[in-house]
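The file final07.cif comes next; it holds mmCIF, C-alpha atoms.
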```
data_structure
#
loop_
_atom_site.group_PDB
_atom_site.id
_atom_site.type_symbol
_atom_site.label_atom_id
_atom_site.label_comp_id
_atom_site.auth_asym_id
_atom_site.auth_seq_id
_atom_site.Cartn_x
_atom_site.Cartn_y
_atom_site.Cartn_z
ATOM 1 C CA MET G 8 -132.939 144.858 94.703
ATOM 2 C CA ILE G 9 -132.216 145.921 98.314
ATOM 3 C CA ASN G 10 -132.201 149.579 97.266
ATOM 4 C CA ARG G 11 -135.624 149.184 95.617
ATOM 5 C CA ILE G 12 -137.071 147.495 98.718
ATOM 6 C CA LEU G 13 -135.685 150.394 100.813
ATOM 7 C CA VAL G 14 -137.428 152.934 98.608
ATOM 8 C CA LEU G 15 -140.698 150.970 98.568
ATOM 9 C CA SER G 16 -140.730 151.029 102.390
ATOM 10 C CA ILE G 17 -140.764 154.831 102.465
ATOM 11 C CA THR G 18 -144.168 156.538 102.644
ATOM 12 C CA ILE G 19 -144.815 158.530 99.490
ATOM 13 C CA ILE G 20 -146.979 161.546 98.794
ATOM 14 C CA PHE G 21 -148.312 164.189 96.475
ATOM 15 C CA THR G 22 -148.331 167.926 97.168
ATOM 16 C CA GLN G 23 -151.480 169.764 96.124
ATOM 17 C CA LEU G 24 -154.747 168.303 97.385
ATOM 18 C CA LEU G 25 -156.017 169.180 100.877
ATOM 19 C CA SER G 26 -153.805 172.265 101.072
ATOM 20 C CA ALA G 27 -154.253 176.000 101.472
ATOM 21 C CA GLN G 28 -154.478 176.220 97.705
ATOM 22 C CA ASP G 29 -158.058 176.435 96.438
ATOM 23 C CA TYR G 30 -157.247 174.718 93.123
ATOM 24 C CA VAL G 31 -155.858 171.539 91.582
ATOM 25 C CA ASP G 32 -153.856 171.553 88.335
ATOM 26 C CA ILE G 33 -155.441 168.740 86.323
ATOM 27 C CA ILE G 34 -153.275 169.005 83.178
ATOM 28 C CA LYS G 35 -149.917 170.753 82.766
ATOM 29 C CA ALA G 36 -147.846 170.740 79.581
ATOM 30 C CA ASP G 37 -144.772 172.732 78.637
ATOM 31 C CA TYR G 38 -141.910 172.720 76.155
ATOM 32 C CA ALA G 39 -138.467 174.236 76.700
ATOM 33 C CA THR G 40 -135.162 174.592 74.899
ATOM 34 C CA VAL G 41 -131.755 175.191 76.458
ATOM 35 C CA PHE G 42 -129.805 176.912 73.698
ATOM 36 C CA GLY G 43 -126.235 175.874 72.927
ATOM 37 C CA ALA G 44 -125.311 173.926 76.049
ATOM 38 C CA GLY G 45 -121.569 173.375 75.833
ATOM 39 C CA PHE G 46 -119.046 170.700 76.732
ATOM 40 C CA GLU G 47 -116.080 171.382 78.988
ATOM 41 C CA ASN G 48 -112.709 171.672 77.212
ATOM 42 C CA ASN G 49 -114.454 171.794 73.837
ATOM 43 C CA ASN G 50 -115.229 175.172 72.297
ATOM 44 C CA SER G 51 -116.207 173.855 68.877
ATOM 45 C CA ALA G 52 -119.303 171.832 69.797
ATOM 46 C CA ASP G 53 -122.525 172.431 71.660
ATOM 47 C CA THR G 54 -126.056 171.020 71.749
ATOM 48 C CA ASN G 55 -129.577 172.326 72.124
ATOM 49 C CA VAL G 56 -131.477 170.502 74.876
ATOM 50 C CA ASN G 57 -135.187 170.126 74.088
ATOM 51 C CA LEU G 58 -137.509 169.336 77.012
ATOM 52 C CA LEU G 59 -141.154 168.222 76.930
ATOM 53 C CA ASP G 60 -143.143 167.774 80.166
ATOM 54 C CA ILE G 61 -146.772 166.634 80.488
ATOM 55 C CA ALA G 62 -148.494 165.969 83.825
ATOM 56 C CA VAL G 63 -152.047 164.698 84.368
ATOM 57 C CA THR G 64 -153.555 164.475 87.856
ATOM 58 C CA TYR G 65 -157.063 163.263 88.655
ATOM 59 C CA PRO G 66 -158.195 163.265 92.305
ATOM 60 C CA ILE G 67 -161.231 161.174 93.294
ATOM 61 C CA VAL G 68 -162.949 162.488 96.420
ATOM 62 C CA VAL G 69 -164.101 159.669 98.733
ATOM 63 C CA SER G 70 -165.078 161.802 101.735
ATOM 64 C CA GLU G 71 -164.261 165.191 103.221
ATOM 65 C CA LYS G 72 -161.148 163.637 104.807
ATOM 66 C CA LEU G 73 -160.027 161.248 102.080
ATOM 67 C CA ALA G 74 -159.270 161.465 98.375
ATOM 68 C CA VAL G 75 -157.665 158.993 95.973
ATOM 69 C CA ILE G 76 -154.960 160.460 93.731
ATOM 70 C CA THR G 77 -154.356 159.089 90.240
ATOM 71 C CA GLY G 78 -152.390 160.383 87.289
ATOM 72 C CA VAL G 79 -149.458 160.041 84.936
ATOM 73 C CA ASP G 80 -146.422 162.191 84.102
ATOM 74 C CA TYR G 81 -144.391 162.067 80.898
ATOM 75 C CA ASN G 82 -141.175 163.878 80.095
ATOM 76 C CA GLN G 83 -138.799 163.727 77.136
ATOM 77 C CA HIS G 84 -135.281 165.093 76.701
ATOM 78 C CA GLY G 85 -133.552 165.418 73.327
ATOM 79 C CA LEU G 86 -129.833 166.290 73.053
ATOM 80 C CA ASP G 87 -126.304 165.140 72.196
ATOM 81 C CA LEU G 88 -124.528 163.400 75.075
ATOM 82 C CA ILE G 89 -121.096 163.815 73.484
ATOM 83 C CA PRO G 90 -119.673 166.595 71.238
ATOM 84 C CA ASN G 91 -120.885 166.211 67.648
ATOM 85 C CA GLY G 92 -122.513 162.915 68.600
ATOM 86 C CA GLU G 93 -125.711 161.306 67.419
ATOM 87 C CA GLY G 94 -128.718 162.857 69.117
ATOM 88 C CA VAL G 95 -130.539 160.808 71.746
ATOM 89 C CA THR G 96 -134.104 160.985 73.067
ATOM 90 C CA LEU G 97 -134.675 160.145 76.732
ATOM 91 C CA ASN G 98 -138.162 159.199 77.929
ATOM 92 C CA ASN G 99 -139.783 158.959 81.359
ATOM 93 C CA ILE G 100 -143.305 157.732 82.182
ATOM 94 C CA THR G 101 -144.361 157.936 85.846
ATOM 95 C CA LEU G 102 -147.626 156.625 87.284
ATOM 96 C CA LYS G 103 -149.171 158.361 90.308
ATOM 97 C CA ALA G 104 -151.376 156.380 92.704
ATOM 98 C CA GLY G 105 -152.121 157.125 96.333
ATOM 99 C CA VAL G 106 -154.316 158.909 98.851
ATOM 100 C CA ALA G 107 -154.656 162.363 100.374
ATOM 101 C CA ILE G 108 -155.797 162.399 103.999
ATOM 102 C CA LYS G 109 -156.923 165.167 106.315
ATOM 103 C CA HIS G 110 -155.545 163.965 109.655
ATOM 104 C CA SER G 111 -156.928 166.786 111.806
ATOM 105 C CA GLU G 112 -158.042 170.393 111.666
ATOM 106 C CA LYS G 113 -154.430 171.538 111.228
ATOM 107 C CA TRP G 114 -152.577 168.544 109.759
ATOM 108 C CA SER G 115 -152.993 166.846 106.389
ATOM 109 C CA GLY G 116 -150.862 164.681 104.139
ATOM 110 C CA THR G 117 -150.849 163.068 100.731
ATOM 111 C CA TYR G 118 -149.246 159.662 100.139
ATOM 112 C CA LEU G 119 -148.381 158.673 96.592
ATOM 113 C CA PHE G 120 -146.540 155.734 95.031
ATOM 114 C CA LEU G 121 -144.573 156.603 91.878
ATOM 115 C CA PRO G 122 -143.351 153.686 89.726
ATOM 116 C CA LYS G 123 -141.687 154.777 86.500
ATOM 117 C CA ILE G 124 -139.935 153.685 83.335
ATOM 118 C CA ALA G 125 -136.971 155.913 82.443
ATOM 119 C CA SER G 126 -134.912 155.023 79.397
ATOM 120 C CA GLN G 127 -133.916 155.886 75.868
ATOM 121 C CA GLU G 128 -136.201 153.083 74.711
ATOM 122 C CA LEU G 129 -139.287 152.502 76.866
ATOM 123 C CA HIS G 130 -138.861 148.938 78.121
ATOM 124 C CA THR G 131 -139.719 147.461 81.519
ATOM 125 C CA ASP G 132 -136.834 145.000 81.630
ATOM 126 C CA GLY G 133 -133.656 145.189 83.698
ATOM 127 C CA ASP G 134 -132.706 148.489 85.303
ATOM 128 C CA GLN G 135 -135.139 150.644 83.311
ATOM 129 C CA PHE G 136 -137.926 150.291 85.889
ATOM 130 C CA PHE G 137 -137.672 152.447 89.022
ATOM 131 C CA PHE G 138 -139.687 153.400 92.121
ATOM 132 C CA GLY G 139 -139.956 156.753 93.825
ATOM 133 C CA GLY G 140 -142.161 159.331 95.409
ATOM 134 C CA LEU G 141 -142.585 162.346 97.630
ATOM 135 C CA ALA G 142 -143.806 162.391 101.258
ATOM 136 C CA LEU G 143 -145.179 165.656 102.578
ATOM 137 C CA LEU G 144 -147.055 166.622 105.744
ATOM 138 C CA LYS G 145 -148.803 169.999 105.759
ATOM 139 C CA TYR G 146 -149.621 172.188 108.759
ATOM 140 C CA GLN G 147 -152.337 174.810 108.287
ATOM 141 C CA LYS G 148 -151.003 177.812 110.211
ATOM 142 C CA SER G 149 -153.831 180.066 109.035
ATOM 143 C CA LYS G 150 -156.300 180.388 106.180
ATOM 144 C CA ARG G 151 -153.565 181.830 103.939
ATOM 145 C CA MET G 152 -150.390 180.224 105.337
ATOM 146 C CA GLN G 153 -149.353 176.586 105.282
ATOM 147 C CA TYR G 154 -146.064 174.945 106.295
ATOM 148 C CA ARG G 155 -144.772 171.756 104.680
ATOM 149 C CA ILE G 156 -142.241 169.115 105.707
ATOM 150 C CA GLY G 157 -141.443 165.768 104.149
ATOM 151 C CA ALA G 158 -139.020 163.745 102.052
ATOM 152 C CA TYR G 159 -138.464 162.720 98.447
ATOM 153 C CA ALA G 160 -136.983 159.305 97.607
ATOM 154 C CA SER G 161 -136.321 157.416 94.404
ATOM 155 C CA SER G 162 -134.334 154.491 93.089
ATOM 156 C CA GLU G 163 -132.266 155.554 90.084
ATOM 157 C CA GLY G 164 -129.607 154.192 87.794
ATOM 158 C CA PHE G 165 -126.982 155.729 90.086
ATOM 159 C CA GLY G 166 -128.532 154.249 93.267
ATOM 160 C CA VAL G 167 -130.914 155.823 95.785
ATOM 161 C CA ILE G 168 -131.581 159.537 96.125
ATOM 162 C CA MET G 169 -133.208 160.928 99.258
ATOM 163 C CA THR G 170 -134.125 164.585 99.691
ATOM 164 C CA PRO G 171 -135.659 166.213 102.780
ATOM 165 C CA VAL G 172 -138.309 168.756 101.772
ATOM 166 C CA ILE G 173 -139.166 171.974 103.617
ATOM 167 C CA GLY G 174 -141.691 174.380 102.183
ATOM 168 C CA LEU G 175 -144.727 176.593 102.479
ATOM 169 C CA TYR G 176 -147.720 178.000 100.673
ATOM 170 C CA TYR G 177 -148.748 181.646 101.189
ATOM 171 C CA LEU G 178 -151.396 183.886 99.650
ATOM 172 C CA ASN G 179 -151.746 187.445 100.918
ATOM 173 C CA GLU G 180 -155.111 188.925 101.873
ATOM 174 C CA SER G 181 -155.555 190.850 98.627
ATOM 175 C CA GLU G 182 -154.632 187.682 96.684
ATOM 176 C CA THR G 183 -151.967 189.464 94.670
ATOM 177 C CA TRP G 184 -148.865 187.698 96.054
ATOM 178 C CA GLU G 185 -148.643 183.904 95.963
ATOM 179 C CA VAL G 186 -145.693 181.780 97.117
ATOM 180 C CA THR G 187 -145.332 178.010 96.680
ATOM 181 C CA ALA G 188 -142.112 176.326 97.807
ATOM 182 C CA ASN G 189 -140.999 172.709 98.191
ATOM 183 C CA LEU G 190 -137.276 173.245 98.685
ATOM 184 C CA PRO G 191 -134.819 172.167 97.408
ATOM 185 C CA ILE G 192 -136.976 170.650 94.620
ATOM 186 C CA ASN G 193 -138.946 173.656 93.349
ATOM 187 C CA ALA G 194 -140.293 177.091 94.223
ATOM 188 C CA ASP G 195 -142.543 179.726 92.651
ATOM 189 C CA ILE G 196 -143.413 183.288 93.608
ATOM 190 C CA ASN G 197 -145.769 185.456 91.573
ATOM 191 C CA TYR G 198 -147.591 188.773 91.639
ATOM 192 C CA ARG G 199 -151.033 189.186 90.044
ATOM 193 C CA PHE G 200 -151.718 192.546 88.430
ATOM 194 C CA ASN G 201 -155.349 191.543 87.846
ATOM 195 C CA THR G 202 -157.424 188.390 87.363
ATOM 196 C CA ALA G 203 -155.696 187.658 84.041
ATOM 197 C CA VAL G 204 -152.039 188.762 84.175
ATOM 198 C CA ALA G 205 -149.295 187.754 86.588
ATOM 199 C CA VAL G 206 -145.499 187.894 86.647
ATOM 200 C CA GLY G 207 -143.302 185.663 88.727
ATOM 201 C CA PHE G 208 -140.068 183.775 89.265
ATOM 202 C CA GLY G 209 -139.800 179.996 89.069
ATOM 203 C CA PHE G 210 -137.110 177.566 90.210
ATOM 204 C CA GLN G 211 -136.723 173.807 89.878
ATOM 205 C CA ALA G 212 -133.850 171.391 90.431
ATOM 206 C CA PRO G 213 -134.762 167.888 89.178
ATOM 207 C CA VAL G 214 -132.448 164.891 89.569
ATOM 208 C CA ARG G 215 -133.202 161.667 87.684
ATOM 209 C CA SER G 216 -131.585 159.007 85.514
ATOM 210 C CA TYR G 217 -132.298 157.224 82.222
ATOM 211 C CA SER G 218 -131.082 153.858 80.933
ATOM 212 C CA LEU G 219 -129.484 154.224 77.520
ATOM 213 C CA LYS G 220 -130.090 152.100 74.435
ATOM 214 C CA ARG G 221 -128.808 148.519 74.638
ATOM 215 C CA GLU G 222 -126.229 147.731 71.967
ATOM 216 C CA ASP G 223 -124.277 144.560 71.171
ATOM 217 C CA ASN G 224 -120.646 144.457 72.335
ATOM 218 C CA ILE G 225 -121.101 147.678 74.346
ATOM 219 C CA PRO G 226 -121.623 147.751 78.134
ATOM 220 C CA ASP G 227 -125.060 148.901 79.300
ATOM 221 C CA LEU G 228 -125.034 152.604 80.178
ATOM 222 C CA TYR G 229 -127.170 155.170 81.982
ATOM 223 C CA THR G 230 -127.162 158.953 82.158
ATOM 224 C CA GLN G 231 -127.601 160.918 85.363
ATOM 225 C CA VAL G 232 -129.549 164.131 84.755
ATOM 226 C CA SER G 233 -129.375 167.050 87.173
ATOM 227 C CA SER G 234 -129.933 170.733 86.581
ATOM 228 C CA ILE G 235 -130.877 173.966 88.280
ATOM 229 C CA GLU G 236 -133.376 175.952 86.232
ATOM 230 C CA ALA G 237 -134.431 179.433 87.300
ATOM 231 C CA GLY G 238 -135.899 182.511 85.665
ATOM 232 C CA PRO G 239 -138.730 185.048 85.516
ATOM 233 C CA TYR G 240 -142.013 184.445 83.709
ATOM 234 C CA VAL G 241 -145.205 186.148 82.581
ATOM 235 C CA GLN G 242 -148.528 184.358 82.813
ATOM 236 C CA HIS G 243 -151.957 185.029 81.308
ATOM 237 C CA SER G 244 -155.147 183.238 82.338
ATOM 238 C CA PHE G 245 -158.337 182.599 80.374
ATOM 239 C CA LEU G 246 -161.830 181.202 81.028
ATOM 240 C CA GLU G 247 -162.122 182.538 84.589
ATOM 241 C CA LYS G 248 -158.541 181.493 85.456
ATOM 242 C CA SER G 249 -159.141 177.885 84.374
ATOM 243 C CA VAL G 250 -156.561 177.968 81.554
ATOM 244 C CA LEU G 251 -153.141 179.485 82.233
ATOM 245 C CA VAL G 252 -150.475 180.172 79.594
ATOM 246 C CA ARG G 253 -146.920 180.920 80.723
ATOM 247 C CA LEU G 254 -143.750 182.140 79.028
ATOM 248 C CA GLN G 255 -140.510 181.813 81.008
ATOM 249 C CA ALA G 256 -136.838 182.526 80.273
ATOM 250 C CA GLY G 257 -133.742 182.090 82.402
ATOM 251 C CA TYR G 258 -130.623 180.019 82.974
ATOM 252 C CA SER G 259 -130.295 176.240 83.209
ATOM 253 C CA SER G 260 -127.172 174.484 84.509
ATOM 254 C CA VAL G 261 -127.687 171.303 82.486
ATOM 255 C CA SER G 262 -125.783 168.144 83.426
ATOM 256 C CA TYR G 263 -126.080 164.799 81.616
ATOM 257 C CA GLU G 264 -123.382 162.460 82.928
ATOM 258 C CA VAL G 265 -122.950 158.998 81.383
ATOM 259 C CA PHE G 266 -121.835 155.982 83.430
ATOM 260 C CA GLN G 267 -121.779 152.219 83.031
ATOM 261 C CA GLU G 268 -124.690 150.434 84.686
ATOM 262 C CA GLY G 269 -123.586 149.045 88.033
ATOM 263 C CA ASP G 270 -121.259 151.999 88.588
ATOM 264 C CA THR G 271 -123.337 153.600 91.346
ATOM 265 C CA LEU G 272 -123.274 155.803 94.435
ATOM 266 C CA PRO G 273 -123.723 154.475 97.986
ATOM 267 C CA ILE G 274 -126.431 157.147 98.369
ATOM 268 C CA ARG G 275 -127.219 160.654 97.180
ATOM 269 C CA LEU G 276 -128.739 163.131 99.629
ATOM 270 C CA SER G 277 -130.232 165.971 97.588
ATOM 271 C CA ALA G 278 -127.300 167.603 95.737
ATOM 272 C CA ILE G 279 -124.659 165.825 97.857
ATOM 273 C CA GLU G 280 -123.103 162.677 96.388
ATOM 274 C CA PHE G 281 -121.481 160.433 98.996
ATOM 275 C CA GLY G 282 -118.518 158.257 97.997
ATOM 276 C CA ASP G 283 -118.597 159.181 94.312
ATOM 277 C CA ASP G 284 -115.721 157.315 92.657
ATOM 278 C CA ARG G 285 -117.568 156.555 89.429
ATOM 279 C CA ASN G 286 -115.895 156.668 86.018
ATOM 280 C CA LEU G 287 -117.463 159.454 83.930
ATOM 281 C CA LEU G 288 -117.702 158.399 80.267
ATOM 282 C CA ASN G 289 -118.597 161.712 78.571
ATOM 283 C CA PRO G 290 -117.449 165.339 78.930
ATOM 284 C CA GLU G 291 -119.179 167.427 81.588
ATOM 285 C CA MET G 292 -121.675 169.905 80.179
ATOM 286 C CA THR G 293 -122.052 173.630 80.726
ATOM 287 C CA GLY G 294 -125.409 175.376 80.984
ATOM 288 C CA ASN G 295 -126.918 178.239 79.051
ATOM 289 C CA LEU G 296 -130.083 180.282 78.583
ATOM 290 C CA PHE G 297 -133.454 178.574 78.196
ATOM 291 C CA VAL G 298 -136.966 179.520 77.058
ATOM 292 C CA ARG G 299 -140.035 177.611 78.281
ATOM 293 C CA VAL G 300 -143.672 177.913 77.170
ATOM 294 C CA GLY G 301 -146.479 176.038 78.883
ATOM 295 C CA ALA G 302 -150.211 175.726 79.520
ATOM 296 C CA THR G 303 -152.215 174.512 82.527
ATOM 297 C CA TYR G 304 -155.827 173.470 83.013
ATOM 298 C CA ARG G 305 -156.709 174.400 86.604
ATOM 299 C CA PHE G 306 -159.792 173.230 88.517
ATOM 300 C CA HIS G 307 -160.877 175.674 91.229
ATOM 301 C CA LEU G 308 -162.202 173.982 94.352
ATOM 302 C CA ASN G 309 -164.264 177.011 95.362
ATOM 303 C CA LYS G 310 -166.287 176.577 92.155
ATOM 304 C CA LYS G 311 -167.099 173.058 93.211
ATOM 305 C CA LYS G 312 -168.477 174.337 96.492
ATOM 306 C CA ASP G 313 -170.745 176.921 94.800
#
```

Since I need it in another form, could you write the structure as structure tokens?
Amino acid sequence: MINRILVLSITIIFTQLLSAQDYVDIIKADYATVFGAGFENNNSADTNVNLLDIAVTYPIVVSEKLAVITGVDYNQHGLDLIPNGEGVTLNNITLKAGVAIKHSEKWSGTYLFLPKIASQELHTDGDQFFFGGLALLKYQKSKRMQYRIGAYASSEGFGVIMTPVIGLYYLNESETWEVTANLPINADINYRFNTAVAVGFGFQAPVRSYSLKREDNIPDLYTQVSSIEAGPYVQHSFLEKSVLVRLQAGYSSVSYEVFQEGDTLPIRLSAIEFGDDRNLLNPEMTGNLFVRVGATYRFHLNKKKD
């Protein structure tokens, strides 16, 4: 309870509105598979990891300095947590609610509250309900360059995770090179050959947890999910760059560690786990190659101005 109050006291934000970017991604959906992720000390068993991610964001403009942010994210993971085990499906629903504020000519920020349910079975009871969010201030260095600084925080099954965020957005004058970075959470760099085709390199390193199915005579469990996913992609846009389709391939260092509920960390700072003396209940996993296909509906702000 104390950990959840701590997280609720942290200012939370969202990362796109009121930025150097002249667009907002209203709907994003993608599906990925990590092929044959293995288990340490076991060469006879592996598992495909299937990942579904859907994000909906709807900003409501109140004035030129204020917008209300609403939306919902859903992700699903399907895999075996133990060698030759029964497959499990992990679900996460996150609500997004907050405001984006233009503080001055140079400074802006977006403040978002992110309650979520994360479990094998979507229930709101016990430790399946969590709070989290991202706080980011943005400094407009120039028309095409923006610096970002903030923090991510979330209550999880393993305790509290806090991650300082440093990033930028850059678009060159010819609008061929675009860089978006919110490190160490995610980053993207791409080159546009023309208005329709672009190639790039994407990186993301999510950390989250899911409560596992409650069963009689078995202690309640959770799985801690952390991975580093990186690889090149090709992207094609349609309908005046309003619909984007992307195909990406690369390497994912998947990790799904199972622990008993109540077996937690004092705190996790980004990838660093302090005082980790937990009892791991399943074999550690090894990563492998992944393929991801996705589509985005993008609303261009400059169209709104026309």

How big is the axis-aligned box around all listed atoms of region 94-112 of chain G once 4 Å goes on each side, and where's its centre, in Å to one decimal, as lines of an AutoDock Vina configuration file?
```
center_x = -143.4
center_y = 163.4
center_z = 90.5
size_x = 37.3
size_y = 22.0
size_z = 50.7
```

Using the chain letters and numbers from the file, give me the residues hit by the PyMOL selection byres ((chain G and resi 267-271) around 9), as a PyMOL selection string. chain G and resi 134+164-166+218+226-230+265-266+272-274+283-288

How would you write, as a list in words, the residues chosen by the PyMOL selection byres ((chain G and resi 77) around 12) on this structure? Ile20, Phe21, Leu24, Ile33, Ala62, Val63, Thr64, Tyr65, Pro66, Ile67, Val68, Ala74, Val75, Ile76, Gly78, Val79, Asp80, Thr101, Leu102, Lys103, Ala104, Gly105, Val106, Ala107, Thr117, Tyr118, Leu119, Phe120 and Leu121 of chain G

Pull the closest atom pair for each residue of region 59-164 of chain G that gets at most 7 Å from region 168-177 of chain G, along with the distance in Å to one decimal, counting only C-alpha atoms, ordering rows by chain and then ascending residue number, as a Markdown table.
```
| residue | atom | partner | partner_atom | distance |
| --- | --- | --- | --- | --- |
| G:Arg151 | CA | G:Tyr177 | CA | 5.5 |
| G:Met152 | CA | G:Tyr177 | CA | 4.7 |
| G:Gln153 | CA | G:Tyr176 | CA | 5.1 |
| G:Tyr154 | CA | G:Leu175 | CA | 4.4 |
| G:Arg155 | CA | G:Gly174 | CA | 4.8 |
| G:Ile156 | CA | G:Ile173 | CA | 4.7 |
| G:Gly157 | CA | G:Val172 | CA | 4.9 |
| G:Ala158 | CA | G:Pro171 | CA | 4.2 |
| G:Tyr159 | CA | G:Thr170 | CA | 4.9 |
| G:Ala160 | CA | G:Met169 | CA | 4.4 |
| G:Ser161 | CA | G:Ile168 | CA | 5.5 |
| G:Ser162 | CA | G:Ile168 | CA | 6.5 |
```

Residues picked by the PyMOL selection byres ((chain G and resi 81) around 6) here, as a PyMOL selection string? chain G and resi 60-61+80+82+99-100

Rounded to one decimal in Å, what is the spacing between CA of Val69 (chain G) and CA of Tyr304 (chain G)?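 Rounded to one decimal, the two atoms are 22.5 Å apart.
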
Nearest residue to Ala278 (chain G) out of G:Val232, G:Ser115, G:Val300, G:Ile196, using all atoms listed in the file? G:Val232
